[in-house]
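Participant: target33.txt is reproduced below (compact mmCIF, C-alpha atoms).
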# COMPACT_ATOMS: atom_id res chain seq x y z
CA MET A 1 -3.28 -17.39 6.60
CA LYS A 2 -5.28 -20.33 5.22
CA LYS A 3 -6.32 -18.39 2.11
CA TYR A 4 -2.73 -17.33 1.50
CA ASP A 5 -1.54 -20.94 1.92
CA ARG A 6 -4.11 -22.01 -0.67
CA ILE A 7 -2.81 -19.36 -3.04
CA MET A 8 0.74 -20.67 -2.52
CA ALA A 9 -0.39 -24.25 -3.14
CA ALA A 10 -2.25 -23.25 -6.32
CA THR A 11 0.81 -21.34 -7.55
CA LEU A 12 3.06 -24.34 -6.86
CA LEU A 13 0.64 -26.70 -8.64
CA LEU A 14 0.39 -24.43 -11.70
CA TRP A 15 4.17 -24.11 -11.82
CA LEU A 16 4.64 -27.90 -11.66
CA ILE A 17 2.11 -28.40 -14.48
CA ILE A 18 3.91 -25.90 -16.70
CA VAL A 19 7.30 -27.48 -15.91
CA VAL A 20 5.99 -30.96 -16.77
CA VAL A 21 4.49 -29.73 -20.06
CA VAL A 22 7.69 -27.94 -21.08
CA PHE A 23 9.78 -30.97 -20.06
CA TYR A 24 7.54 -33.26 -22.11
CA PHE A 25 7.92 -31.13 -25.23
CA ALA A 26 11.67 -30.75 -24.65
CA THR A 27 12.26 -34.50 -24.35
CA GLY A 28 9.92 -35.17 -27.27
CA GLU A 29 11.83 -32.72 -29.42
CA SER A 30 15.08 -34.38 -28.32
CA ARG A 31 13.81 -37.84 -29.35
CA LYS A 32 12.54 -36.43 -32.63
CA GLU A 33 15.88 -34.84 -33.48
CA ASP A 34 17.72 -38.05 -32.50
CA MET A 35 15.68 -39.85 -35.15
CA GLN A 36 15.96 -37.12 -37.79
CA TYR A 37 19.76 -37.10 -37.95
CA LYS A 38 19.66 -40.87 -38.65
CA VAL A 39 17.18 -40.25 -41.46
CA GLU A 40 19.56 -37.73 -43.05
CA ILE A 41 22.54 -40.12 -42.72
CA ASN A 42 20.58 -42.99 -44.32
CA ARG A 43 19.51 -40.67 -47.13
CA ILE A 44 23.13 -39.61 -47.80
CA MET A 45 24.41 -43.18 -47.59
CA THR A 46 21.75 -44.41 -50.04
CA GLU A 47 22.55 -41.65 -52.51
CA LEU A 48 26.32 -42.33 -52.31
CA VAL A 49 25.74 -46.04 -52.97
CA ASN A 50 23.45 -45.24 -55.89
CA ARG A 51 26.09 -42.93 -57.37
CA SER A 52 28.72 -45.66 -57.08
CA GLU A 53 26.51 -47.95 -59.14
CA SER A 54 25.65 -45.29 -61.78
CA ALA A 55 27.64 -43.53 -64.42
CA ALA A 56 29.65 -41.77 -61.72
CA ALA A 57 31.20 -45.07 -60.73
CA GLY A 58 34.53 -43.92 -62.03
CA GLN A 59 34.64 -41.24 -59.41
CA SER A 60 36.29 -42.26 -56.13
CA TRP A 61 34.34 -42.58 -52.88
CA GLU A 62 36.51 -39.88 -51.38
CA ASN A 63 35.53 -37.39 -54.08
CA ARG A 64 31.85 -38.35 -53.91
CA ALA A 65 31.82 -37.85 -50.14
CA ALA A 66 33.71 -34.55 -50.30
CA GLN A 67 31.48 -33.12 -53.10
CA PHE A 68 28.14 -34.12 -51.59
CA ASP A 69 25.80 -31.13 -51.23
CA LEU A 70 24.85 -30.70 -47.53
CA SER A 71 23.19 -27.30 -47.85
CA GLY A 72 19.65 -28.64 -47.47
CA LEU A 73 20.40 -30.72 -44.40
CA GLN A 74 19.81 -29.63 -40.82
CA TYR A 75 21.77 -32.15 -38.77
CA VAL A 76 24.62 -33.64 -40.87
CA LYS A 77 27.44 -31.13 -41.15
CA SER A 78 30.17 -33.04 -43.02
CA VAL A 79 30.89 -36.35 -44.81
CA SER A 80 34.42 -37.79 -45.15
CA PHE A 81 35.89 -41.02 -46.50
CA LEU A 82 38.90 -43.11 -45.39
CA PRO A 83 40.18 -45.83 -47.74
CA ALA A 84 40.74 -49.28 -46.24
CA GLU A 85 44.40 -49.30 -47.36
CA THR A 86 45.37 -47.18 -44.35
CA GLU A 87 44.44 -50.17 -42.16
CA ALA A 88 47.09 -52.39 -43.82
CA ASP A 89 48.42 -55.53 -42.20
CA ALA A 90 51.63 -55.21 -40.23
CA GLU A 91 53.19 -58.10 -42.22
CA THR A 92 52.85 -56.30 -45.61
CA VAL A 93 54.01 -52.83 -44.69
CA GLN A 94 56.87 -51.49 -42.74
CA LYS A 95 56.38 -50.76 -39.05
CA GLU A 96 56.73 -47.02 -39.61
CA GLU A 97 54.08 -46.97 -42.35
CA PHE A 98 51.80 -49.11 -40.22
CA GLY A 99 52.12 -46.65 -37.35
CA ILE A 100 51.17 -43.78 -39.64
CA ALA A 101 48.17 -45.71 -40.95
CA VAL A 102 46.97 -46.50 -37.42
CA GLN A 103 47.33 -42.86 -36.42
CA GLN A 104 45.32 -41.78 -39.47
CA PHE A 105 42.57 -44.24 -38.62
CA GLN A 106 42.43 -43.04 -34.99
CA ASP A 107 42.23 -39.42 -36.15
CA PHE A 108 39.42 -40.41 -38.50
CA LEU A 109 37.41 -41.89 -35.63
CA ARG A 110 38.02 -39.05 -33.16
CA ASN A 111 35.06 -36.65 -32.49
CA HIS A 112 35.49 -32.99 -33.27
CA ASN A 113 34.40 -30.14 -31.00
CA GLY A 114 30.66 -29.44 -30.99
CA VAL A 115 29.65 -32.38 -33.22
CA HIS A 116 28.99 -36.11 -32.94
CA SER A 117 30.13 -38.69 -35.48
CA VAL A 118 29.23 -42.13 -36.76
CA VAL A 119 31.31 -44.36 -39.10
CA TYR A 120 29.88 -46.76 -41.67
CA PRO A 121 32.04 -49.38 -43.49
CA ILE A 122 31.90 -49.66 -47.30
CA ILE A 123 31.74 -53.34 -48.29
CA SER A 124 32.42 -54.52 -51.81
CA GLY A 125 31.86 -58.24 -52.12
CA GLU A 126 33.47 -59.72 -49.04
CA ASN A 127 36.05 -56.95 -48.52
CA VAL A 128 35.86 -53.62 -46.71
CA THR A 129 37.00 -50.98 -49.18
CA GLY A 130 36.75 -47.97 -46.86
CA TYR A 131 34.87 -46.06 -44.19
CA VAL A 132 32.42 -43.14 -44.42
CA ARG A 133 32.32 -40.77 -41.48
CA PHE A 134 29.26 -38.56 -40.82
CA ASP A 135 29.60 -35.56 -38.51
CA TYR A 136 26.23 -34.38 -37.16
CA VAL A 137 24.64 -32.22 -34.45
CA THR A 138 21.59 -32.90 -32.32
CA ASP A 139 21.33 -29.56 -30.49
CA THR A 140 19.34 -27.36 -32.90
CA GLY A 141 17.76 -23.97 -32.15
CA SER A 142 14.30 -25.27 -31.25
CA ARG A 143 15.76 -27.77 -28.84
CA ARG A 144 17.95 -25.17 -27.18
CA MET A 145 14.93 -22.85 -26.95
CA LEU A 146 12.87 -25.50 -25.17
CA TRP A 147 15.61 -26.27 -22.69
CA ALA A 148 16.18 -22.54 -22.14
CA ALA A 149 12.43 -22.17 -21.49
CA MET A 150 12.70 -25.09 -19.08
CA GLY A 151 15.52 -23.41 -17.20
CA GLY A 152 13.68 -20.09 -17.20
CA MET A 153 10.54 -21.70 -15.80
CA LEU A 154 12.52 -23.39 -13.06
CA THR A 155 14.23 -20.13 -12.14
CA VAL A 156 11.04 -18.04 -12.20
CA GLY A 157 9.14 -20.68 -10.25
CA LEU A 158 11.77 -20.95 -7.55
CA VAL A 159 12.05 -17.17 -7.25
CA THR A 160 8.24 -16.82 -7.08
CA LEU A 161 7.89 -19.49 -4.42
CA THR A 162 10.76 -17.98 -2.45
CA VAL A 163 9.10 -14.54 -2.54
CA LEU A 164 5.71 -15.99 -1.57
CA TRP A 165 7.25 -17.88 1.32
CA TYR A 166 9.16 -14.79 2.45
CA VAL A 167 5.97 -12.70 2.34
CA ARG A 168 4.16 -15.38 4.32
CA MET A 169 6.77 -15.58 7.07
CA LYS A 170 7.79 -11.91 7.24
CA VAL A 171 4.56 -10.07 6.39
CA ILE A 172 1.40 -12.20 6.57
CA LYS A 173 2.28 -14.15 9.71
CA PRO A 174 3.40 -11.10 11.79
CA PHE A 175 0.32 -9.17 10.68
CA HIS A 176 -1.89 -12.11 11.67
CA VAL A 177 -0.37 -11.93 15.17
CA ILE A 178 -1.24 -8.23 15.66
CA SER A 179 -4.52 -8.20 13.70
CA ASN A 180 -6.53 -9.17 16.79
CA MET A 181 -5.31 -6.21 18.84
CA PRO A 182 -7.84 -3.60 17.52
CA TYR A 183 -10.66 -6.04 18.31
CA GLU A 184 -9.36 -6.49 21.87
CA MET A 185 -9.04 -2.71 22.34
CA ALA A 186 -12.60 -2.22 21.06
CA LYS A 187 -13.78 -4.60 23.79
CA GLY A 188 -11.91 -2.54 26.38
CA ASN A 189 -8.95 -4.85 26.85
CA LEU A 190 -6.12 -2.30 26.97
CA ALA A 191 -3.60 -4.50 28.75
CA VAL A 192 -2.51 -6.25 25.55
CA GLU A 193 0.84 -5.06 24.18
CA PRO A 194 1.50 -4.80 20.41
CA GLN A 195 4.17 -7.30 19.38
CA GLU A 196 6.56 -6.16 16.66
CA SER A 197 8.35 -8.71 14.47
CA LYS A 198 12.09 -8.63 13.83
CA SER A 199 11.53 -7.64 10.18
CA ARG A 200 9.76 -4.44 11.38
CA PHE A 201 7.57 -4.26 8.26
CA PHE A 202 4.76 -2.93 10.47
CA GLY A 203 6.88 -0.63 12.61
CA LYS A 204 4.76 2.47 12.04
CA PHE A 205 1.51 0.50 12.27
CA VAL A 206 2.50 -1.15 15.56
CA TRP A 207 3.73 2.19 16.88
CA GLY A 208 0.36 3.71 15.96
CA LEU A 209 -1.48 0.89 17.72
CA GLY A 210 0.62 1.48 20.80
CA MET A 211 -0.18 5.19 20.74
CA LEU A 212 -3.88 4.40 20.26
CA ARG A 213 -3.82 2.01 23.20
CA ASP A 214 -2.13 4.63 25.40
CA ALA A 215 -4.59 7.30 24.25
CA LEU A 216 -7.57 5.05 25.01
CA HIS A 217 -6.09 4.20 28.39
CA ASP A 218 -5.60 7.89 29.21
CA SER A 219 -9.09 8.72 27.95
CA ARG A 220 -10.61 6.03 30.14
CA ASN A 221 -8.76 7.27 33.23
CA LYS A 222 -9.67 10.85 32.39
CA ALA A 223 -13.32 9.92 31.92
CA LEU A 224 -13.37 8.17 35.27
CA GLU A 225 -11.73 11.15 36.93
CA LEU A 226 -14.13 13.58 35.27
CA GLU A 227 -17.08 11.44 36.31
CA LYS A 228 -15.84 11.54 39.88
CA GLU A 229 -15.31 15.31 39.76
CA LYS A 230 -18.71 15.81 38.17
CA LYS A 231 -20.46 13.95 40.96
CA LEU A 232 -18.53 15.82 43.61
CA MET A 233 -19.30 19.12 41.90
CA ILE A 234 -23.01 18.29 41.66
CA LEU A 235 -23.11 17.37 45.34
CA SER A 236 -21.21 20.52 46.31
CA VAL A 237 -23.28 22.86 44.15
CA SER A 238 -26.51 21.18 45.27
CA HIS A 239 -25.54 21.86 48.86
CA ASP A 240 -24.51 25.44 48.12
CA ILE A 241 -27.70 26.18 46.19
CA LYS A 242 -29.94 24.94 49.01
CA ILE A 243 -29.15 27.94 51.26
CA PRO A 244 -30.08 30.78 48.83
CA LEU A 245 -32.94 28.70 47.44
CA SER A 246 -34.42 28.18 50.92
CA ALA A 247 -34.12 31.93 51.58
CA ILE A 248 -35.86 32.76 48.31
CA LYS A 249 -38.68 30.35 49.11
CA LEU A 250 -39.02 31.86 52.60
CA TYR A 251 -39.12 35.46 51.35
CA ALA A 252 -41.55 34.54 48.57
CA ARG A 253 -43.90 32.92 51.12
CA ALA A 254 -43.73 35.99 53.36
CA LEU A 255 -44.63 38.24 50.44
CA ARG A 256 -47.49 35.95 49.41
CA GLU A 257 -48.95 35.86 52.94
CA GLY A 258 -48.54 39.64 53.46
CA ILE A 259 -46.40 39.41 56.56
CA TYR A 260 -44.61 42.65 55.72
CA GLU A 261 -47.11 45.48 55.39
CA SER A 262 -44.84 48.47 54.72
CA GLU A 263 -43.49 49.24 51.28
CA ALA A 264 -39.94 49.57 52.61
CA GLN A 265 -40.03 46.06 54.08
CA ARG A 266 -41.35 44.59 50.85
CA ASP A 267 -38.62 46.37 48.87
CA ASP A 268 -36.00 44.98 51.22
CA MET A 269 -37.52 41.51 50.79
CA ALA A 270 -37.34 41.82 46.98
CA ALA A 271 -33.71 42.91 47.22
CA GLN A 272 -32.91 39.80 49.30
CA ILE A 273 -34.62 37.58 46.73
CA GLU A 274 -32.61 39.25 43.94
CA LYS A 275 -29.39 38.77 45.90
CA HIS A 276 -29.96 35.07 46.48
CA ALA A 277 -31.04 34.61 42.85
CA GLY A 278 -27.71 36.17 41.86
CA GLU A 279 -25.89 33.62 44.02
CA ILE A 280 -27.73 30.81 42.25
CA ASP A 281 -26.83 32.38 38.90
CA GLU A 282 -23.15 32.33 39.88
CA PHE A 283 -23.39 28.66 40.75
CA VAL A 284 -24.96 27.95 37.33
CA LYS A 285 -22.14 29.87 35.58
CA LYS A 286 -19.62 27.83 37.53
CA ILE A 287 -21.22 24.61 36.28
CA VAL A 288 -21.18 25.87 32.67
CA ASN A 289 -17.56 27.00 32.87
CA THR A 290 -16.46 23.73 34.39
CA ALA A 291 -18.21 21.77 31.64
CA SER A 292 -16.60 23.97 28.97
CA GLU A 293 -13.13 23.51 30.44
CA GLU A 294 -13.59 19.74 30.26
CA ILE A 295 -14.51 19.95 26.59
CA ILE A 296 -11.62 22.13 25.41
CA GLU A 297 -8.80 20.34 27.20
CA ILE A 298 -6.73 20.00 24.02
CA GLU A 299 -2.95 19.74 23.77
CA VAL A 300 -1.27 21.72 20.96
CA ALA A 301 2.40 21.24 20.07
CA ASP A 302 4.46 24.41 19.77
CA THR A 303 6.09 23.56 16.43
CA GLU A 304 6.30 24.82 12.85
CA PHE A 305 5.14 23.44 9.51
CA TYR A 306 5.15 24.41 5.86
CA LEU A 307 2.00 25.64 4.19
CA ARG A 308 2.57 23.26 1.26
CA ASP A 309 2.54 20.23 3.60
CA TYR A 310 -0.68 21.49 5.17
CA VAL A 311 -2.39 22.02 1.79
CA ASN A 312 -1.16 18.67 0.44
CA LYS A 313 -2.56 16.91 3.51
CA ILE A 314 -6.00 18.47 2.91
CA LYS A 315 -5.80 17.74 -0.82
CA GLU A 316 -4.75 14.12 -0.36
CA TYR A 317 -7.65 13.44 2.00
CA TYR A 318 -10.49 15.40 0.40
CA GLU A 319 -9.80 15.56 -3.33
CA PRO A 320 -10.86 11.91 -3.93
CA ARG A 321 -13.96 12.43 -1.80
CA CYS A 322 -14.95 15.58 -3.73
CA ARG A 323 -14.45 13.67 -6.98
CA LEU A 324 -16.68 10.88 -5.68
CA MET A 325 -19.41 13.36 -4.64
CA MET A 326 -19.16 15.28 -7.95
CA THR A 327 -18.10 18.43 -6.06
CA ARG A 328 -15.60 20.76 -7.66
CA PHE A 329 -12.55 21.18 -5.42
CA HIS A 330 -10.31 24.14 -6.23
CA ILE A 331 -7.03 25.13 -4.59
CA GLY A 332 -5.75 28.60 -5.34
CA ALA A 333 -2.17 29.77 -5.78
CA TYR A 334 -0.05 30.27 -2.68
CA GLU A 335 3.51 30.89 -1.58
CA ASN A 336 5.03 28.14 0.51
CA LYS A 337 5.69 29.62 3.95
CA LEU A 338 6.73 28.36 7.35
CA LEU A 339 3.77 28.63 9.74
CA LYS A 340 3.78 28.38 13.51
CA GLY A 341 1.55 25.78 15.12
CA ASP A 342 0.66 22.11 15.20
CA ILE A 343 -0.03 20.72 11.71
CA ASP A 344 -2.13 17.84 13.05
CA ARG A 345 -4.34 20.16 15.11
CA ALA A 346 -4.53 22.62 12.22
CA PHE A 347 -5.67 19.80 9.96
CA GLU A 348 -8.32 18.92 12.56
CA VAL A 349 -9.73 22.44 12.19
CA ALA A 350 -9.67 22.21 8.39
CA GLU A 351 -11.25 18.78 8.62
CA ASN A 352 -14.18 20.21 10.58
CA LEU A 353 -14.64 23.03 8.06
CA MET A 354 -14.56 20.58 5.12
CA GLU A 355 -17.09 18.29 6.81
CA ASN A 356 -19.38 21.27 7.42
CA ALA A 357 -19.00 22.22 3.75
CA PHE A 358 -20.19 18.75 2.73
CA LYS A 359 -22.97 18.77 5.31
CA TYR A 360 -24.39 22.27 4.90
CA GLY A 361 -23.21 23.28 1.39
CA ASP A 362 -24.99 22.59 -1.89
CA GLY A 363 -22.16 20.42 -3.27
CA ARG A 364 -21.26 22.66 -6.21
CA LEU A 365 -17.88 24.03 -5.11
CA ILE A 366 -15.40 23.88 -2.24
CA SER A 367 -12.29 26.03 -2.59
CA LEU A 368 -9.14 26.95 -0.69
CA SER A 369 -7.68 30.41 -1.19
CA PHE A 370 -4.74 32.17 0.43
CA ARG A 371 -3.74 35.71 1.34
CA GLU A 372 -1.46 37.58 3.70
CA GLU A 373 -2.49 40.20 6.22
CA ASP A 374 -0.55 41.85 9.05
CA TYR A 375 2.33 39.35 8.86
CA CYS A 376 -0.12 36.46 9.12
CA GLN A 377 -1.08 33.77 6.62
CA ILE A 378 -4.81 33.44 6.07
CA VAL A 379 -6.30 30.24 4.64
CA GLU A 380 -9.88 30.67 3.42
CA VAL A 381 -12.22 27.68 3.11
CA PHE A 382 -15.23 28.56 0.95
CA SER A 383 -18.26 26.44 0.08
CA THR A 384 -21.31 27.31 -1.98
CA GLY A 385 -24.73 27.12 -0.39
CA THR A 386 -27.17 29.15 1.69
CA PRO A 387 -25.30 31.39 4.19
CA VAL A 388 -26.38 31.57 7.81
CA PRO A 389 -28.48 34.61 8.87
CA ASP A 390 -26.66 37.70 10.16
CA LYS A 391 -28.08 37.27 13.66
CA GLU A 392 -26.59 33.75 13.94
CA LEU A 393 -23.12 34.68 12.70
CA PRO A 394 -21.75 35.86 16.11
CA HIS A 395 -22.83 32.59 17.78
CA LEU A 396 -21.32 30.10 15.31
CA PHE A 397 -18.29 29.47 17.53
CA ASP A 398 -20.26 29.10 20.77
CA SER A 399 -20.30 25.69 22.41
CA PHE A 400 -23.37 23.53 21.73
CA TYR A 401 -24.74 26.13 19.33
CA ARG A 402 -26.39 24.92 16.14
CA GLY A 403 -27.67 27.25 13.46
CA SER A 404 -31.10 27.22 11.86
CA ASN A 405 -29.68 25.44 8.80
CA ALA A 406 -28.83 22.36 10.90
CA ARG A 407 -32.45 21.12 10.92
CA ASP A 408 -32.38 17.31 11.03
CA ARG A 409 -28.64 16.99 10.32
CA SER A 410 -26.60 15.17 12.96
CA GLY A 411 -24.17 17.10 15.17
CA ASN A 412 -23.59 18.49 18.64
CA GLY A 413 -22.56 22.08 17.97
CA LEU A 414 -18.98 21.65 19.20
CA GLY A 415 -16.93 21.46 15.98
CA LEU A 416 -16.46 25.18 15.37
CA TYR A 417 -16.13 25.84 19.10
CA ILE A 418 -13.26 23.34 19.43
CA GLY A 419 -11.74 24.65 16.19
CA ARG A 420 -11.58 28.18 17.57
CA GLN A 421 -10.01 26.96 20.84
CA ILE A 422 -7.34 25.11 18.83
CA MET A 423 -6.55 28.18 16.73
CA LEU A 424 -6.41 30.38 19.84
CA LYS A 425 -4.01 27.96 21.53
CA MET A 426 -1.76 28.24 18.45
CA LYS A 427 -2.02 32.04 18.90
CA GLY A 428 -4.03 32.28 15.71
CA ASP A 429 -7.72 32.83 15.07
CA ILE A 430 -10.70 31.76 13.00
CA PHE A 431 -13.68 33.79 11.85
CA ALA A 432 -16.62 33.40 9.46
CA LEU A 433 -17.86 35.59 6.62
CA ARG A 434 -21.14 35.51 4.75
CA THR A 435 -20.98 35.79 0.97
CA GLN A 436 -23.64 36.09 -1.66
CA ASP A 437 -23.60 32.43 -2.58
CA GLY A 438 -22.08 30.67 0.41
CA MET A 439 -19.97 30.73 3.56
CA LYS A 440 -16.26 31.47 4.00
CA PHE A 441 -14.21 30.52 7.06
CA CYS A 442 -10.81 32.16 7.51
CA LEU A 443 -7.95 30.50 9.42
CA VAL A 444 -5.28 32.89 10.67
CA PHE A 445 -1.77 31.45 11.20
CA ARG A 446 1.33 33.15 12.54
CA THR A 447 4.34 33.19 10.21
Let's see the structure in the file written out as structure tokens.
Facilitator:
Amino acid sequence: MKKYDRIMAATLLLWLIIVVVVFYFATGESRKEDMQYKVEINRIMTELVNRSESAAAGQSWENRAAQFDLSGLQYVKSVSFLPAETEADAETVQKEEFGIAVQQFQDFLRNHNGVHSVVYPIISGENVTGYVRFDYVTDTGSRRMLWAAMGGMLTVGLVTLTVLWYVRMKVIKPFHVISNMPYEMAKGNLAVEPQESKSRFFGKFVWGLGMLRDALHDSRNKALELEKEKKLMILSVSHDIKIPLSAIKLYARALREGIYESEAQRDDMAAQIEKHAGEIDEFVKKIVNTASEEIIEIEVADTEFYLRDYVNKIKEYYEPRCRLMMTRFHIGAYENKLLKGDIDRAFEVAENLMENAFKYGDGRLISLSFREEDYCQIVEVFSTGTPVPDKELPHLFDSFYRGSNARDRSGNGLGLYIGRQIMLKMKGDIFALRTQDGMKFCLVFRT
């Protein structure tokens, strides 16, 4: 929040500086133009006076004003002349003529639309012989452009600040409220509830946090329950194993000390040892099966999805990574079909196969190809590298099994095992094939 507030303050400061600069130039241009129109008027007035004193003195002021060339001027738009006779005294002219003269003089002084005017008297000796009117403008193109830029800057600045403030209140601030929740969940505090803002910009994110919190809560309860069951099972099996184990130890001691001399008695003793060893073997299988059931407790939704959505999900996630690792990633042609199963769980299987391709392949090529067989859609994930030996191929999908190519690579041998259980729960299958230059895993989906 503090960094964002500093960004807002810097933006506001920069905007104010630009506004002040533009305003300074706009007012300066205005003052400059106010002076320039006076310069043009003085120039015209001087030239008219000079003409009156030259050879053109015989020409009337009215004609000189009307014929003055204004083409080279920027501000003065017209020059007109009114003789002083129209301002005659009421005692020397009739009232009607005086009224007309007054009306003409008022019309001469009145401003026209879009222009300003200034009137200068023409004095000859001690008498006023007439009036010269100059019509001029002060709003030129450059001035209008500066004021338009000023208005544009004000509008853009206000809009920008409004957007920044809206983002702060509706996006940054609500996110700041919920940003601490993942940290609390990582510490084990699952009681905190995600708070959604009224704007609901983070609706999906908050919903995901809520689902994550519920999943962690369920996982914690399940782990505690499994831990309890595991201890009870160990205690129970330990008790059950003691009986056949004690019998085996007793029979073994009798054989060692030669208590039974006949061959028939010794054979019967060996049979008893074998029987009790079988009981212990059954207890061990029970432990293994129980552990396996805990591992594969996976929920799969009974839904449908399109093959294109499945491929696009894989492509979106792994194409950038392949590009980063300089691995060629090829997706073959396919027909978009509706497949039965859970797309999220199916992606989990593909994710495991892709990770194995990165881990155990040589990084040259990873490809997806597609074919149909027995009304099923088969998706083949191929990666170049050294294939596993033939003797290890049947055990790849066993729990906790790791092939000879694992060496010092991290892992627990459960990825392919869980992948097969997921495919089986979707009533599909997965199998592996060795090729000359790599490994191919085939996912079988119902259509």
Participant: For CA of Arg133 (chain A) and CA of Leu73 (chain A), quote the distance in Å rounded to one decimal.
Facilitator: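 CA of Leu73 (chain A) lies 15.9 Å from CA of Arg133 (chain A).
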Participant: Can you tell me which residues surround Gln272 (chain A) at a distance of at most 10 Å, considering all atoms listed in the file, apart from same-chain residues fewer than 4 positions away, and format the answer as a count of residues only?
Facilitator: 10
Participant: Quick one: distance from CA of Ile343 (chain A) to CA of Arg446 (chain A) in Å, one decimal?
Facilitator: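 CA of Arg446 (chain A) lies at a distance of 12.5 Å from CA of Ile343 (chain A).
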Participant: How far is it from CA of Ser367 (chain A) to CA of Ile331 (chain A), in Å with one decimal?
Facilitator: 5.7 Å
Participant: For each of A:Thr435, A:Ser369, A:Ser262, A:Thr447, take the minimum atom-to-atom distance to Lys340 (chain A), counting only C-alpha atoms, then give the residue where this is smallest.
Facilitator: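 Going through A:Thr435, A:Ser369, A:Ser262, A:Thr447 one by one, the smallest distance to Lys340 (chain A) is for A:Thr447.
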Participant: Can you list, as a PDB file with C-alpha atoms, in the frame of the given file, every protein, DNA or RNA residue that comes within 10 Å of region 11-20 of chain A when you count only C-alpha atoms, leaving out same-chain residues fewer than 5 positions away?
Facilitator:
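Output below, filename result_39.pdb:
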ATOM      1  CA  ASP A   5      -1.540 -20.940   1.920  1.00  0.00           C
ATOM      2  CA  ARG A   6      -4.110 -22.010  -0.670  1.00  0.00           C
ATOM      3  CA  PHE A  25       7.920 -31.130 -25.230  1.00  0.00           C
ATOM      4  CA  ALA A  26      11.670 -30.750 -24.650  1.00  0.00           C
ATOM      5  CA  ALA A 149      12.430 -22.170 -21.490  1.00  0.00           C
ATOM      6  CA  MET A 150      12.700 -25.090 -19.080  1.00  0.00           C
ATOM      7  CA  GLY A 151      15.520 -23.410 -17.200  1.00  0.00           C
ATOM      8  CA  GLY A 152      13.680 -20.090 -17.200  1.00  0.00           C
ATOM      9  CA  MET A 153      10.540 -21.700 -15.800  1.00  0.00           C
ATOM     10  CA  LEU A 154      12.520 -23.390 -13.060  1.00  0.00           C
ATOM     11  CA  VAL A 156      11.040 -18.040 -12.200  1.00  0.00           C
ATOM     12  CA  GLY A 157       9.140 -20.680 -10.250  1.00  0.00           C
ATOM     13  CA  LEU A 158      11.770 -20.950  -7.550  1.00  0.00           C
ATOM     14  CA  THR A 160       8.240 -16.820  -7.080  1.00  0.00           C
ATOM     15  CA  LEU A 161       7.890 -19.490  -4.420  1.00  0.00           C
ATOM     16  CA  LEU A 164       5.710 -15.990  -1.570  1.00  0.00           C
TER      17      LEU A 164
END
Participant: Counting all atoms listed in the file, figure out which residue out of A:Asn180, A:Thr46, A:Ser246, A:Asn352 gets nearest to Tyr120 (chain A).
Facilitator: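 Using all atoms listed in the file, Tyr120 (chain A) sits closest to A:Thr46.
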